[in-house]
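S.K.: First the structure, then my questions, so here it is.
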Amino acid sequence: MMHDNLDPELTGGTEPAANRDEPAADREVPVAAHTPTVIHAWLDGERVDESALHAAGGYELWRQVQAETDRRRRMRTPTPIAGAIMEAIRKDA
Amino acid sequence: MNPGVKRPAGLATARVRGYTSVVKSIPPSPPESEVDADQAIIDRVLAGDRDAFGILVNRYSDPLYRHAVGMTGSADDAADILQNSFIKAYHHLGEVRGRFDAWVFRIVANGCKDWLKNIRRTHLSYEEDDQPSGYETPDEELDRGELRGHLDRALAALPPSLREAFVMKHVEGRSYEDMAELLETTVGALKMRVHRAREALQRLLEERAA
């Protein structure tokens with residue numbers, strides 16, 4: 001059996017450089033599925049069968065989570081922050 | 001439309017013959033003209049028009065603030081990160097190459113990660129101590145305020161890379177392509193992160209609701 005080029009230190013590894021310093025827990029490894037595939041597909045903007053979506057476990061939960069994340073998406077920067085940034089820049093100059 | 005199928009708020013729903021999908025309503029990246037407009041402002045600032053930087057602050061602070069709030073869970077800390085990031089951006093403005101919004105996003109994202117490194121020294125993460133055990137939870141109606149609190153705590157329990165991916169996808173409403181450009185990684189890797197984040201969040205939320 002050939003073992004050439006298996007040492008990631010020698011080969012540069014197979015992961016993108018940006019991932020090498022991440023803790024192992026943060027890396028892209030599959031986990032046991034709990035959220036149904038149809039829910040993932042729906043949340044990713046793919047077309048899904050309505051009856052399958054309704055029957056999927058977690059649909060109501062994710063509908064509520066989506067309503068909450070939508071609320072957060074409308075959040076605006078508090079007005080004083082922009083003024084504070086520009087004030088700090090003027091002081092620095 | 002079947003009244004039982006409620007689309008995720010803020011997203012358009014496309015339906016074809018009994019199929020439904022959510023369609024992203026936020027464009028993936030600014031058009032060329034916007035990039036050029038940003039560069040014109042940068043040129044003005046570098047030429048001495050300091051106040052012109054305020055245009056960039058006003059143009060991009062909202063999505064960056066949302067990112068910082070999503071990552072820290074704290075409006076005050078998000079405000080500090082945003083302020084420090086824009087000041088840093090101002091002092092390094094001559095180094096911008098390409099999209100200003102992507103460049104300043106990375107400054108804010110790194111500020112959030114630094115904040116999380118400090119905060120994690122005193123908090124246990126999902127991987128370390130919060131593995132849920134049973135998942136036999138029905139889709140029961142959660143009180144909205146309760147869900148908000150549960151979601152904050154569940155997000156705080158995620159590893160930073162998963163939290164970042166979830167916040168960018170679901171709170172900021174970015175496409176996977178835009179996320180890949182901003183985070184300098186692949187669409188596939190980001191899909192995996194978002195899916196892992198959803199798996200963990202569903203477990204945590206159902207456990208808390210049980």
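Residue numbering restarts at 1 in every chain; chains get A, B, ... in the order shown in the structure tokens, and ligands count up from 1 in that same order.
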Using only C-alpha atoms, what table do you get, as a tab-separated table, when you list each residue of chain A with an atom no more than 8 Å from chain B, its nearest pair of atoms, and their distance in Å rounded to one decimal, rows by chain then rising number?
M.R.:
residue	atom	partner	partner_atom	distance
A:Pro16	CA	B:Thr185	CA	7.3
A:Ala18	CA	B:Thr185	CA	7.5
A:Ala25	CA	B:Glu127	CA	7.0
A:Asp26	CA	B:Ser161	CA	6.0
A:Glu28	CA	B:Met192	CA	6.1
A:Val29	CA	B:Met192	CA	7.6
A:Pro30	CA	B:Met192	CA	7.4
A:Val31	CA	B:Arg196	CA	6.7
A:Ala33	CA	B:Glu199	CA	6.8
A:His34	CA	B:Glu199	CA	5.8
A:Thr35	CA	B:Glu199	CA	5.5
A:His40	CA	B:His195	CA	6.9
A:Trp42	CA	B:Ser21	CA	5.6
A:Leu43	CA	B:Val22	CA	6.7
A:Asp44	CA	B:Val22	CA	7.3
A:Gly45	CA	B:Val22	CA	4.2
A:Glu46	CA	B:Ser21	CA	5.1
A:Arg47	CA	B:Ser21	CA	4.0
A:Val48	CA	B:Thr20	CA	5.2
A:Asp49	CA	B:Tyr19	CA	4.6
A:Glu50	CA	B:Tyr19	CA	5.7
A:His54	CA	B:Val5	CA	7.5
A:Gly57	CA	B:Asp139	CA	7.1
A:Gly58	CA	B:Asp139	CA	5.8
A:Tyr59	CA	B:Asp139	CA	7.2
A:Glu60	CA	B:Asp139	CA	5.5
A:Leu61	CA	B:Asp139	CA	5.9
A:Arg63	CA	B:Pro8	CA	6.0
A:Val65	CA	B:Leu147	CA	7.7
A:Gln66	CA	B:Pro8	CA	5.3
A:Ala67	CA	B:Ala9	CA	5.4
A:Glu68	CA	B:Arg148	CA	7.0
A:Thr69	CA	B:Val171	CA	5.0
A:Asp70	CA	B:Ala9	CA	5.9
A:Arg72	CA	B:Val171	CA	6.1
A:Arg73	CA	B:Val171	CA	5.2
A:Met75	CA	B:Arg66	CA	6.6
A:Arg76	CA	B:Asp62	CA	5.3
A:Thr77	CA	B:Asp62	CA	5.2
A:Ile81	CA	B:Ala79	CA	6.7
A:Ala82	CA	B:Val57	CA	6.5
A:Ala84	CA	B:Gln83	CA	7.4
A:Ile85	CA	B:Gln83	CA	5.5
A:Met86	CA	B:Gly54	CA	6.6
A:Ala88	CA	B:Ile87	CA	7.5
A:Ile89	CA	B:Ile87	CA	6.4
A:Arg90	CA	B:Arg50	CA	7.9
S.K.: Rounded to one decimal place, report the atom CA of Pro36 of chain A-atom CA of Leu204 of chain B distance in Å.
M.R.: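 These atoms are spaced 15.5 Å apart.
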S.K.: If we count only C-alpha atoms, what is near segment 35-46 of chain B at a cut-off of 8 Å, once residues fewer than 2 positions away on the same chain are taken out, given as a CSV table (one decimal) with C-alpha atoms, in the first residue's frame?
M.R.:
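Heads up, here's the output in around24.csv:
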chain,number,residue,atom,x,y,z
B,30,PRO,CA,-23.9,44.8,-4.6
B,31,PRO,CA,-23.9,45.6,-8.3
B,32,GLU,CA,-20.8,46.9,-10.0
B,33,SER,CA,-22.1,50.4,-9.9
B,48,GLY,CA,-9.1,64.5,2.8
B,49,ASP,CA,-12.9,64.6,2.8
B,50,ARG,CA,-13.2,62.9,6.2
B,51,ASP,CA,-16.9,63.4,6.5
B,52,ALA,CA,-17.6,61.4,3.4
B,53,PHE,CA,-16.7,58.3,5.4
B,55,ILE,CA,-21.8,57.8,3.8
B,56,LEU,CA,-20.1,54.4,4.0
B,93,LEU,CA,-9.0,52.6,4.0
B,94,GLY,CA,-6.2,52.8,1.6
B,98,GLY,CA,-12.5,45.3,-4.5
B,99,ARG,CA,-15.8,45.3,-2.5
B,100,PHE,CA,-15.7,47.7,0.5
S.K.: Work out how far atom CA of Ala154 of chain B is from atom CA of Val38 of chain A, in Å to one decimal.
M.R.: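 Between atom CA of Val38 of chain A and atom CA of Ala154 of chain B the gap is 22.1 Å.
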S.K.: If DSSP is run on the backbone, what residues of segment 51-192 of chain B are helix (DSSP H, G or I)? A reply as a VMD selection string would be ideal.
M.R.: chain B and resid 51 to 72 75 to 91 93 to 95 100 to 120 126 to 129 144 to 157 160 to 171 176 to 183 187 to 192
S.K.: Store the residues of this selection in a file with C-alpha atoms, as a JSON list (two decimals), in the first residue's frame.
M.R.:
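selection-v3.json written:
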[["chain", "number", "residue", "atom", "x", "y", "z"],
["B", 51, "ASP", "CA", -16.90, 63.38, 6.54],
["B", 52, "ALA", "CA", -17.56, 61.40, 3.36],
["B", 53, "PHE", "CA", -16.73, 58.30, 5.40],
["B", 54, "GLY", "CA", -20.10, 58.82, 7.08],
["B", 55, "ILE", "CA", -21.78, 57.81, 3.82],
["B", 56, "LEU", "CA", -20.14, 54.40, 4.03],
["B", 57, "VAL", "CA", -21.04, 54.10, 7.71],
["B", 58, "ASN", "CA", -24.68, 54.85, 6.99],
["B", 59, "ARG", "CA", -24.75, 52.59, 3.95],
["B", 60, "TYR", "CA", -23.37, 49.47, 5.62],
["B", 61, "SER", "CA", -23.89, 49.77, 9.36],
["B", 62, "ASP", "CA", -27.28, 47.99, 9.48],
["B", 63, "PRO", "CA", -26.23, 44.57, 8.14],
["B", 64, "LEU", "CA", -22.98, 44.75, 10.09],
["B", 65, "TYR", "CA", -24.82, 45.67, 13.27],
["B", 66, "ARG", "CA", -27.21, 42.75, 12.75],
["B", 67, "HIS", "CA", -24.23, 40.44, 12.31],
["B", 68, "ALA", "CA", -22.61, 41.69, 15.51],
["B", 69, "VAL", "CA", -25.84, 41.41, 17.51],
["B", 70, "GLY", "CA", -26.40, 37.92, 16.14],
["B", 71, "MET", "CA", -22.90, 36.83, 17.06],
["B", 72, "THR", "CA", -22.70, 38.43, 20.51],
["B", 75, "ALA", "CA", -26.69, 45.20, 21.59],
["B", 76, "ASP", "CA", -24.08, 47.05, 23.66],
["B", 77, "ASP", "CA", -21.22, 44.77, 22.69],
["B", 78, "ALA", "CA", -22.38, 44.84, 19.07],
["B", 79, "ALA", "CA", -22.29, 48.64, 19.14],
["B", 80, "ASP", "CA", -18.73, 48.59, 20.53],
["B", 81, "ILE", "CA", -17.58, 46.11, 17.89],
["B", 82, "LEU", "CA", -19.21, 48.13, 15.12],
["B", 83, "GLN", "CA", -17.65, 51.37, 16.29],
["B", 84, "ASN", "CA", -14.16, 49.90, 16.68],
["B", 85, "SER", "CA", -14.45, 48.17, 13.29],
["B", 86, "PHE", "CA", -15.42, 51.31, 11.39],
["B", 87, "ILE", "CA", -12.65, 53.30, 13.07],
["B", 88, "LYS", "CA", -10.19, 50.58, 12.10],
["B", 89, "ALA", "CA", -11.59, 50.60, 8.56],
["B", 90, "TYR", "CA", -11.14, 54.36, 8.37],
["B", 91, "HIS", "CA", -7.48, 54.12, 9.32],
["B", 93, "LEU", "CA", -9.04, 52.63, 4.01],
["B", 94, "GLY", "CA", -6.17, 52.78, 1.55],
["B", 95, "GLU", "CA", -5.89, 49.00, 1.74],
["B", 100, "PHE", "CA", -15.70, 47.68, 0.50],
["B", 101, "ASP", "CA", -18.68, 45.93, 2.10],
["B", 102, "ALA", "CA", -16.88, 42.58, 2.01],
["B", 103, "TRP", "CA", -13.71, 44.12, 3.41],
["B", 104, "VAL", "CA", -15.42, 45.88, 6.29],
["B", 105, "PHE", "CA", -17.55, 42.77, 6.94],
["B", 106, "ARG", "CA", -14.37, 40.79, 7.60],
["B", 107, "ILE", "CA", -13.20, 43.41, 10.08],
["B", 108, "VAL", "CA", -16.50, 43.18, 11.96],
["B", 109, "ALA", "CA", -16.56, 39.36, 11.74],
["B", 110, "ASN", "CA", -13.05, 39.18, 13.19],
["B", 111, "GLY", "CA", -14.07, 41.59, 15.93],
["B", 112, "CYS", "CA", -16.95, 39.29, 16.81],
["B", 113, "LYS", "CA", -14.68, 36.24, 16.85],
["B", 114, "ASP", "CA", -12.23, 38.01, 19.15],
["B", 115, "TRP", "CA", -15.12, 38.92, 21.44],
["B", 116, "LEU", "CA", -16.29, 35.30, 21.46],
["B", 117, "LYS", "CA", -12.81, 34.02, 22.27],
["B", 118, "ASN", "CA", -12.80, 36.16, 25.38],
["B", 119, "ILE", "CA", -16.34, 35.33, 26.43],
["B", 120, "ARG", "CA", -15.85, 31.60, 25.86],
["B", 126, "TYR", "CA", -22.56, 23.25, 23.13],
["B", 127, "GLU", "CA", -19.88, 20.68, 22.31],
["B", 128, "GLU", "CA", -18.36, 20.82, 25.74],
["B", 129, "ASP", "CA", -21.30, 20.43, 28.06],
["B", 144, "ARG", "CA", -42.94, 34.38, 21.18],
["B", 145, "GLY", "CA", -40.94, 35.96, 23.98],
["B", 146, "GLU", "CA", -40.01, 32.56, 25.25],
["B", 147, "LEU", "CA", -38.84, 31.48, 21.80],
["B", 148, "ARG", "CA", -36.75, 34.63, 21.55],
["B", 149, "GLY", "CA", -34.97, 33.82, 24.80],
["B", 150, "HIS", "CA", -34.57, 30.16, 23.89],
["B", 151, "LEU", "CA", -33.17, 31.07, 20.47],
["B", 152, "ASP", "CA", -30.64, 33.47, 22.01],
["B", 153, "ARG", "CA", -29.46, 30.84, 24.45],
["B", 154, "ALA", "CA", -29.34, 28.14, 21.79],
["B", 155, "LEU", "CA", -27.36, 30.37, 19.43],
["B", 156, "ALA", "CA", -24.95, 31.22, 22.23],
["B", 157, "ALA", "CA", -24.35, 27.52, 22.76],
["B", 160, "PRO", "CA", -18.69, 30.32, 16.55],
["B", 161, "SER", "CA", -18.42, 29.03, 12.98],
["B", 162, "LEU", "CA", -21.90, 27.47, 13.12],
["B", 163, "ARG", "CA", -23.41, 30.52, 14.78],
["B", 164, "GLU", "CA", -21.80, 32.75, 12.17],
["B", 165, "ALA", "CA", -23.18, 30.66, 9.30],
["B", 166, "PHE", "CA", -26.69, 30.53, 10.79],
["B", 167, "VAL", "CA", -26.77, 34.26, 11.52],
["B", 168, "MET", "CA", -25.56, 35.14, 8.01],
["B", 169, "LYS", "CA", -28.08, 32.81, 6.38],
["B", 170, "HIS", "CA", -31.16, 33.37, 8.49],
["B", 171, "VAL", "CA", -30.76, 36.70, 10.28],
["B", 176, "TYR", "CA", -24.74, 30.87, 0.19],
["B", 177, "GLU", "CA", -22.79, 32.41, -2.70],
["B", 178, "ASP", "CA", -22.48, 35.75, -0.93],
["B", 179, "MET", "CA", -21.52, 34.03, 2.32],
["B", 180, "ALA", "CA", -18.84, 32.06, 0.49],
["B", 181, "GLU", "CA", -17.39, 35.25, -0.95],
["B", 182, "LEU", "CA", -17.41, 37.05, 2.39],
["B", 183, "LEU", "CA", -15.98, 34.16, 4.39],
["B", 187, "VAL", "CA", -20.73, 27.02, -0.78],
["B", 188, "GLY", "CA", -20.66, 23.34, 0.16],
["B", 189, "ALA", "CA", -18.79, 23.99, 3.40],
["B", 190, "LEU", "CA", -21.25, 26.73, 4.33],
["B", 191, "LYS", "CA", -24.29, 24.57, 3.57],
["B", 192, "MET", "CA", -22.82, 21.97, 5.88]]
S.K.: Considering only C-alpha atoms, can you say which of A:Pro78, A:Gly83, A:Gln64, A:Ile39 comes closest to Ala52 of chain A?
M.R.: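 Going through A:Pro78, A:Gly83, A:Gln64, A:Ile39 one by one, the smallest distance to Ala52 of chain A is for A:Ile39.
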